[in-house]
Structure formats: C-alpha cells, structure tokens
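A.B. asks: Below is one structure. I have some questions about it.
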Amino acid sequence: MTPPRRSSPQFTPPDLQPDRAFSVLAGQLQSLQELKGLRYSEGEAKEREWTQFTAKMIMRAFGSHSPNKTNFSHALSTGDYYATPYGGAENHGLNQRNYDARIQAYEGVLNSCLAELRIDMPEPEIQAVFEPGQEYEFYRAVKTILGFAAKEILVVDPYISVEMFDVYADAIPRTVSFRLLSANVPAAVVTIAQKYASGGNLQFRGTNAIHDRAIFADGRVWVLGQSLKNAAQKKPTYIVEHDETLMRPIYEQIWTKAATLI
C-alpha cells in the first residue's frame with residue numbers, strides 16, 4: 001500500500017500593513033527591555049508570554065514562510081543546552097547565560113524586522129516652512145523626524161528648555177541612543193534630564209561651540225531655523241534636510257570636546 005504523501009504546511013500570508021506591523025513590533029521591542037537583567041527564574045514566565053505574542057505578530061507581519069519567522073524560531077533556542085544527569089544539580093549559571101543570550105537574539109531579530117518594515121512604509125511628508133503660530137505643525141514635524149531613528153538620535157540646540165523632555169523625548173524609544181548637545185543649560189533642564197537619564201539611553205553634553213540647530217536621525221540630518229523651545233511662536237522658521245555626510249564629522253568633533261553634563 002502506498003503511504004500517503006505528506007502535504008507541505010499551508011502558507012499563511014501577512015495580514016498587517018507595514019505601518020501597523022512596525023508599531024506593534026516596535027512596542028514588543030520596547031517591552032523586551034523589561035526582561036533584560038532579570039534572573040532567569042524570574043524572567044522565563046514573562047519571556048514565554050512575550051515570545052508567544054511576538055511570534056504571532058511576526059507571522060502576521062511577514063507571513064508563515066518568512067525568514068524573519070524562521071530567525072525568531074531560532075532565537076527561541078539560542079544558547080547551550082545539555083542533558084542534566086539523573087539526580088544532578090541544576091546549572092543555574094548556564095540557565096542564566098542562555099536566558100540572556102535569548103533576550104539578545106530576540107532584540108537582533110526585531111531590529112532586523114523593523115528595518116525591513118521601514119523600507120515598505122510610506123515616508124511622512126515633512127512641512128519645510130512654518131508661519132508664526134504654527135507651533136503644533138512644527139512639533140509634529142520634529143516628532144516625525146525623531147521617529148525615523150532606529151539606532152541613534154543627536155539633537156543639537158544651544159537653547160533648550162524642559163520642553164525637550166516634556167514634549168519631544170517620548171518620541172524616542174529607549175532602545176535608541178539619544179545624545180543631546182546644548183549650551184546655556186538651565187539648572188531645571190539638568191534636573192529633569194537626570195530623571196530621564198535613569199532610562200539608560202541619554203548622553204547630555206554642553207559646549208559654547210554651537211550656534212545652529214540640527215537633528216541627526218541615523219544616517220540623516222535636518223537643520224532647524226529656530227530652537228525647539230520657541231520655534232514658530234512669533235516668527236517664521238523652517239526645517240530642511242541637509243547632507244549628513246558633510247555635517248556629521250563637524251558635530252562629532254564638537255561632541256567629543258564638549259563637557260559631560262550627564
């Protein structure tokens with residue numbers, strides 16, 4: 001009797017739009033940070049819950065046969081695993097190393113997923129010129145720029161206020177390195193920056209060698225006509241994308257020589 005032929009698993013196509021998938025997986029990357037640094041005995045239950053939902057979202061974002069889904073499956077078993085002899089003691093050190101390795105592997109897969117989704121997402125249009133009174137439109141444009149970054153943000157602004165943290169900083173995920181370069185820094189700004197820095201992703205330096213305003217987001221840069229704290233209130237201003245390769249070396253050199261505030 002001829003054995004029945006095995007059928008290939010049915011392909012499940014993606015059903016999440018790139019922008020929605022990006023939002024969900026970015027949220028999972030953010031929540032993954034809460035699993036870092038935990039003892040494996042404390043974190044494994046939370047890890048299981050996190051992986052179950054994340055695996056479903058990756059499949060919905062890319063489909064069941066996607067390399068991203070395969071890579072996430074591999075991440076689930078990252079580490080070294082040995083059979084424990086009958087009556088042998090639990091190897092807590094190995095369990096902890098495997099737990100930490102899995103968390104790191106999940107982070108790598110999600111960053112790759114987000115980079116791929118970003119390519120397929122329509123880029124939001126950024127208004128270039130802002131009339132007096134268009135403070136909200138300016139705010140939305142800056143938040144859009146900050147949202148472009150997956151790895152690092154560098155904000156250069158000689159005149160900042162607590163608005164930098166109260167209004168703009170929540171657009172920067174804690175997984176993104178955030179550098180702030182300013183001058184004339186009020187004590188109130190330092191105080192709130194110290195509180196923000198407890199999240200682990202902020203470096204703050206001061207220098208008198210800057211005059212212009214700029215925002216670097218990964219490999220791109222925008223020049224701002226006015227400081228963030230009062231842009232478009234009473235005078236017109238602008239946001240213009242510039243040549244990042246020309247500007248980056250200049251501001252990196254200034255950053256290196258600037259005084260560390262936080």
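Chains: A, B, ... in order of the structure tokens. Residues: from 1 per chain. Ligands: from 1, in order shown.
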Under the rule of at most 10 Å, produce a per-residue listing of range 119-202 of chain A near range 228-240 of chain A: chain, number, name, the closest pair of atoms, and the distance in Å, as a tab-separated table, using only C-alpha atoms.
C.D. replies:
residue	atom	partner	partner_atom	distance
A:Ile126	CA	A:Ile239	CA	8.2
A:Gln127	CA	A:Ile239	CA	7.4
A:Ala128	CA	A:Ile239	CA	5.0
A:Val129	CA	A:Tyr238	CA	4.3
A:Phe130	CA	A:Thr237	CA	5.3
A:Glu131	CA	A:Pro236	CA	4.5
A:Pro132	CA	A:Ala232	CA	4.8
A:Gly133	CA	A:Gln233	CA	5.1
A:Gln134	CA	A:Ala232	CA	5.6
A:Glu135	CA	A:Ala232	CA	5.1
A:Tyr136	CA	A:Ala232	CA	8.7
A:Glu137	CA	A:Ala232	CA	8.8
A:Phe138	CA	A:Ala232	CA	7.0
A:Tyr139	CA	A:Leu228	CA	8.3
A:Ala141	CA	A:Ile239	CA	8.3
A:Val142	CA	A:Ile239	CA	8.6
A:Val155	CA	A:Leu228	CA	10.0
A:Val156	CA	A:Leu228	CA	10.0
A:Asp157	CA	A:Leu228	CA	7.5
A:Pro158	CA	A:Leu228	CA	9.7
A:Tyr159	CA	A:Lys229	CA	7.3
A:Ile160	CA	A:Lys229	CA	5.8
A:Ser161	CA	A:Lys229	CA	5.9
A:Val162	CA	A:Lys229	CA	8.4
A:Glu163	CA	A:Lys229	CA	6.3
A:Met164	CA	A:Leu228	CA	7.3
A:Val167	CA	A:Lys229	CA	9.8
A:Tyr168	CA	A:Leu228	CA	9.2
A.B. asks: For the residues in the current selection, export N, CA and C atoms as a JSON list (two decimals), in the first residue's frame.
C.D. replies:
[["chain", "number", "residue", "atom", "x", "y", "z"],
["A", 126, "ILE", "N", 7.18, 66.01, 5.48],
["A", 126, "ILE", "CA", 7.57, 66.99, 6.50],
["A", 126, "ILE", "C", 7.44, 68.38, 5.90],
["A", 127, "GLN", "N", 6.64, 69.20, 6.55],
["A", 127, "GLN", "CA", 6.48, 70.58, 6.12],
["A", 127, "GLN", "C", 7.80, 71.31, 6.28],
["A", 128, "ALA", "N", 8.21, 72.10, 5.32],
["A", 128, "ALA", "CA", 9.53, 72.73, 5.34],
["A", 128, "ALA", "C", 9.52, 74.12, 5.98],
["A", 129, "VAL", "N", 8.44, 74.88, 5.78],
["A", 129, "VAL", "CA", 8.38, 76.25, 6.27],
["A", 129, "VAL", "C", 7.17, 76.40, 7.18],
["A", 130, "PHE", "N", 7.36, 77.13, 8.28],
["A", 130, "PHE", "CA", 6.30, 77.27, 9.28],
["A", 130, "PHE", "C", 6.08, 78.75, 9.57],
["A", 131, "GLU", "N", 4.84, 79.16, 9.47],
["A", 131, "GLU", "CA", 4.48, 80.54, 9.74],
["A", 131, "GLU", "C", 4.34, 80.78, 11.24],
["A", 132, "PRO", "N", 4.38, 82.04, 11.68],
["A", 132, "PRO", "CA", 4.14, 82.33, 13.09],
["A", 132, "PRO", "C", 2.80, 81.76, 13.54],
["A", 133, "GLY", "N", 2.79, 81.07, 14.66],
["A", 133, "GLY", "CA", 1.58, 80.44, 15.16],
["A", 133, "GLY", "C", 1.44, 78.98, 14.79],
["A", 134, "GLN", "N", 2.33, 78.47, 13.93],
["A", 134, "GLN", "CA", 2.26, 77.05, 13.55],
["A", 134, "GLN", "C", 3.15, 76.20, 14.45],
["A", 135, "GLU", "N", 3.02, 76.42, 15.74],
["A", 135, "GLU", "CA", 3.83, 75.66, 16.71],
["A", 135, "GLU", "C", 3.49, 74.17, 16.67],
["A", 136, "TYR", "N", 2.21, 73.86, 16.53],
["A", 136, "TYR", "CA", 1.82, 72.45, 16.53],
["A", 136, "TYR", "C", 2.36, 71.75, 15.28],
["A", 137, "GLU", "N", 2.28, 72.42, 14.13],
["A", 137, "GLU", "CA", 2.78, 71.82, 12.90],
["A", 137, "GLU", "C", 4.30, 71.58, 13.00],
["A", 138, "PHE", "N", 5.01, 72.51, 13.63],
["A", 138, "PHE", "CA", 6.45, 72.34, 13.84],
["A", 138, "PHE", "C", 6.71, 71.16, 14.77],
["A", 139, "TYR", "N", 5.95, 71.08, 15.83],
["A", 139, "TYR", "CA", 6.08, 69.96, 16.79],
["A", 139, "TYR", "C", 5.87, 68.62, 16.09],
["A", 141, "ALA", "N", 6.29, 67.89, 12.95],
["A", 141, "ALA", "CA", 7.40, 67.63, 12.04],
["A", 141, "ALA", "C", 8.62, 67.10, 12.79],
["A", 142, "VAL", "N", 8.92, 67.70, 13.92],
["A", 142, "VAL", "CA", 10.06, 67.23, 14.72],
["A", 142, "VAL", "C", 9.82, 65.82, 15.24],
["A", 155, "VAL", "N", 20.56, 65.51, 18.97],
["A", 155, "VAL", "CA", 19.89, 66.81, 18.88],
["A", 155, "VAL", "C", 20.91, 67.88, 19.27],
["A", 156, "VAL", "N", 21.10, 68.85, 18.38],
["A", 156, "VAL", "CA", 22.00, 69.98, 18.62],
["A", 156, "VAL", "C", 21.14, 71.23, 18.71],
["A", 157, "ASP", "N", 21.14, 71.86, 19.87],
["A", 157, "ASP", "CA", 20.31, 73.06, 20.07],
["A", 157, "ASP", "C", 20.91, 73.85, 21.23],
["A", 158, "PRO", "N", 21.42, 75.05, 20.98],
["A", 158, "PRO", "CA", 22.07, 75.82, 22.05],
["A", 158, "PRO", "C", 21.11, 76.33, 23.12],
["A", 159, "TYR", "N", 19.82, 76.38, 22.81],
["A", 159, "TYR", "CA", 18.86, 76.94, 23.76],
["A", 159, "TYR", "C", 17.70, 75.96, 23.95],
["A", 160, "ILE", "N", 17.82, 75.09, 24.92],
["A", 160, "ILE", "CA", 16.74, 74.14, 25.17],
["A", 160, "ILE", "C", 16.09, 74.44, 26.51],
["A", 161, "SER", "N", 14.90, 73.91, 26.65],
["A", 161, "SER", "CA", 14.15, 74.03, 27.90],
["A", 161, "SER", "C", 13.67, 72.64, 28.30],
["A", 162, "VAL", "N", 12.93, 72.57, 29.40],
["A", 162, "VAL", "CA", 12.39, 71.27, 29.83],
["A", 162, "VAL", "C", 11.43, 70.70, 28.80],
["A", 163, "GLU", "N", 10.98, 71.53, 27.87],
["A", 163, "GLU", "CA", 10.10, 71.08, 26.79],
["A", 163, "GLU", "C", 10.76, 69.95, 25.98],
["A", 164, "MET", "N", 12.11, 69.96, 25.94],
["A", 164, "MET", "CA", 12.82, 68.90, 25.22],
["A", 164, "MET", "C", 12.40, 67.53, 25.74],
["A", 167, "VAL", "N", 7.97, 67.28, 25.99],
["A", 167, "VAL", "CA", 7.20, 67.26, 24.74],
["A", 167, "VAL", "C", 7.78, 66.30, 23.70],
["A", 168, "TYR", "N", 9.11, 66.33, 23.53],
["A", 168, "TYR", "CA", 9.70, 65.62, 22.41],
["A", 168, "TYR", "C", 10.29, 64.25, 22.75]]
A.B. asks: Give the alpha helix (DSSP H) residues of range 31-155 of chain A, as DSSP finds them on the backbone, and put them as number ranges by chain.
C.D. replies: A: 31-32, 40-62, 67-75, 92-120, 135-147
A.B. asks: So which residues of range 75-238 of chain A fall under strand (DSSP E) by DSSP, listed as a ChimeraX atom specification?
C.D. replies: /A:129-130,152-156,177-182,202-206,213-217,220-224,237-238
A.B. asks: Generate the output file for the selected residues, C-alpha atoms, as an mmCIF file, in the first residue's frame.
C.D. replies:
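part_11.cif, freshly written:
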data_model
loop_
_atom_site.group_PDB
_atom_site.id
_atom_site.type_symbol
_atom_site.label_atom_id
_atom_site.label_comp_id
_atom_site.auth_asym_id
_atom_site.auth_seq_id
_atom_site.Cartn_x
_atom_site.Cartn_y
_atom_site.Cartn_z
ATOM 1 C CA VAL A 129 8.383 76.250 6.265
ATOM 2 C CA PHE A 130 6.300 77.267 9.283
ATOM 3 C CA GLU A 152 20.581 56.890 17.324
ATOM 4 C CA ILE A 153 19.451 60.492 17.700
ATOM 5 C CA LEU A 154 21.678 63.533 18.132
ATOM 6 C CA VAL A 155 19.895 66.808 18.882
ATOM 7 C CA VAL A 156 21.997 69.977 18.624
ATOM 8 C CA SER A 177 20.711 56.064 21.690
ATOM 9 C CA PHE A 178 19.823 59.699 22.452
ATOM 10 C CA ARG A 179 22.546 62.361 22.552
ATOM 11 C CA LEU A 180 21.792 65.968 23.391
ATOM 12 C CA LEU A 181 24.271 68.784 22.737
ATOM 13 C CA SER A 182 23.469 72.243 24.037
ATOM 14 C CA LEU A 202 20.652 59.589 27.264
ATOM 15 C CA GLN A 203 24.032 61.313 26.992
ATOM 16 C CA PHE A 204 23.997 65.069 27.570
ATOM 17 C CA ARG A 205 26.895 67.436 26.885
ATOM 18 C CA GLY A 206 27.399 71.190 26.887
ATOM 19 C CA ARG A 213 20.131 73.767 15.454
ATOM 20 C CA ALA A 214 20.199 70.278 13.927
ATOM 21 C CA ILE A 215 18.679 66.841 14.439
ATOM 22 C CA PHE A 216 20.597 63.746 13.330
ATOM 23 C CA ALA A 217 18.496 60.587 12.975
ATOM 24 C CA ARG A 220 20.122 61.680 8.014
ATOM 25 C CA VAL A 221 20.165 65.263 9.338
ATOM 26 C CA TRP A 222 17.747 68.205 9.367
ATOM 27 C CA VAL A 223 18.633 71.834 10.055
ATOM 28 C CA LEU A 224 16.158 73.932 12.075
ATOM 29 C CA THR A 237 11.019 79.236 10.676
ATOM 30 C CA TYR A 238 11.978 76.178 8.654
#
A.B. asks: Show me a table, sorted first by chain and then by increasing residue number, of the residues of range 157-182 of chain A having an atom at most 9 Å from range 25-44 of chain A, each with its shortest atom pair and the distance in Å to one decimal, counting only C-alpha atoms and written as CSV.
C.D. replies:
residue,atom,partner,partner_atom,distance
A:Pro173,CA,A:Gln30,CA,7.0
A:Arg174,CA,A:Gln30,CA,7.0
A:Thr175,CA,A:Gln30,CA,6.9
A.B. asks: Any idea what the distance is between CA of Tyr196 in chain A and CA of Thr260 in chain A?
C.D. replies: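 So the answer is 15.6 Å.
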A.B. asks: Mind checking which residues fall within 12 Å of Gln253 in chain A, counting only C-alpha atoms, ignoring those fewer than 3 positions away in the same chain, and posting them as an NGL selection string?
C.D. replies: :A and (181 or 207 or 209-210 or 247-250 or 256-258)
A.B. asks: With C-alpha atoms retained, could you export that selection as an mmCIF file, in the first residue's frame?
C.D. replies:
data_model
loop_
_atom_site.group_PDB
_atom_site.id
_atom_site.type_symbol
_atom_site.label_atom_id
_atom_site.label_comp_id
_atom_site.auth_asym_id
_atom_site.auth_seq_id
_atom_site.Cartn_x
_atom_site.Cartn_y
_atom_site.Cartn_z
ATOM 1 C CA LEU A 181 24.271 68.784 22.737
ATOM 2 C CA THR A 207 29.543 73.472 24.722
ATOM 3 C CA ALA A 209 30.967 75.915 20.106
ATOM 4 C CA ILE A 210 27.479 75.603 18.597
ATOM 5 C CA MET A 247 27.648 67.796 8.766
ATOM 6 C CA ARG A 248 28.280 64.651 10.811
ATOM 7 C CA PRO A 249 32.102 64.956 11.155
ATOM 8 C CA ILE A 250 31.846 68.565 12.318
ATOM 9 C CA THR A 256 33.999 64.775 21.550
ATOM 10 C CA LYS A 257 35.336 68.020 23.038
ATOM 11 C CA ALA A 258 32.129 69.048 24.850
#
A.B. asks: Skip range 64-79 of chain A itself and residues of its chain fewer than 3 positions away, then list as a PyMOL selection string all residues within 12 Å of it, counting only C-alpha atoms.
C.D. replies: chain A and resi 8-15+44+47-48+50-61+82+94-117
A.B. asks: Have a look at CA of Pro18 in chain A and CA of Asp120 in chain A and let me know their distance in Å, one decimal.
C.D. replies: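 Result for CA of Pro18 in chain A versus CA of Asp120 in chain A: 6.4 Å, one decimal.
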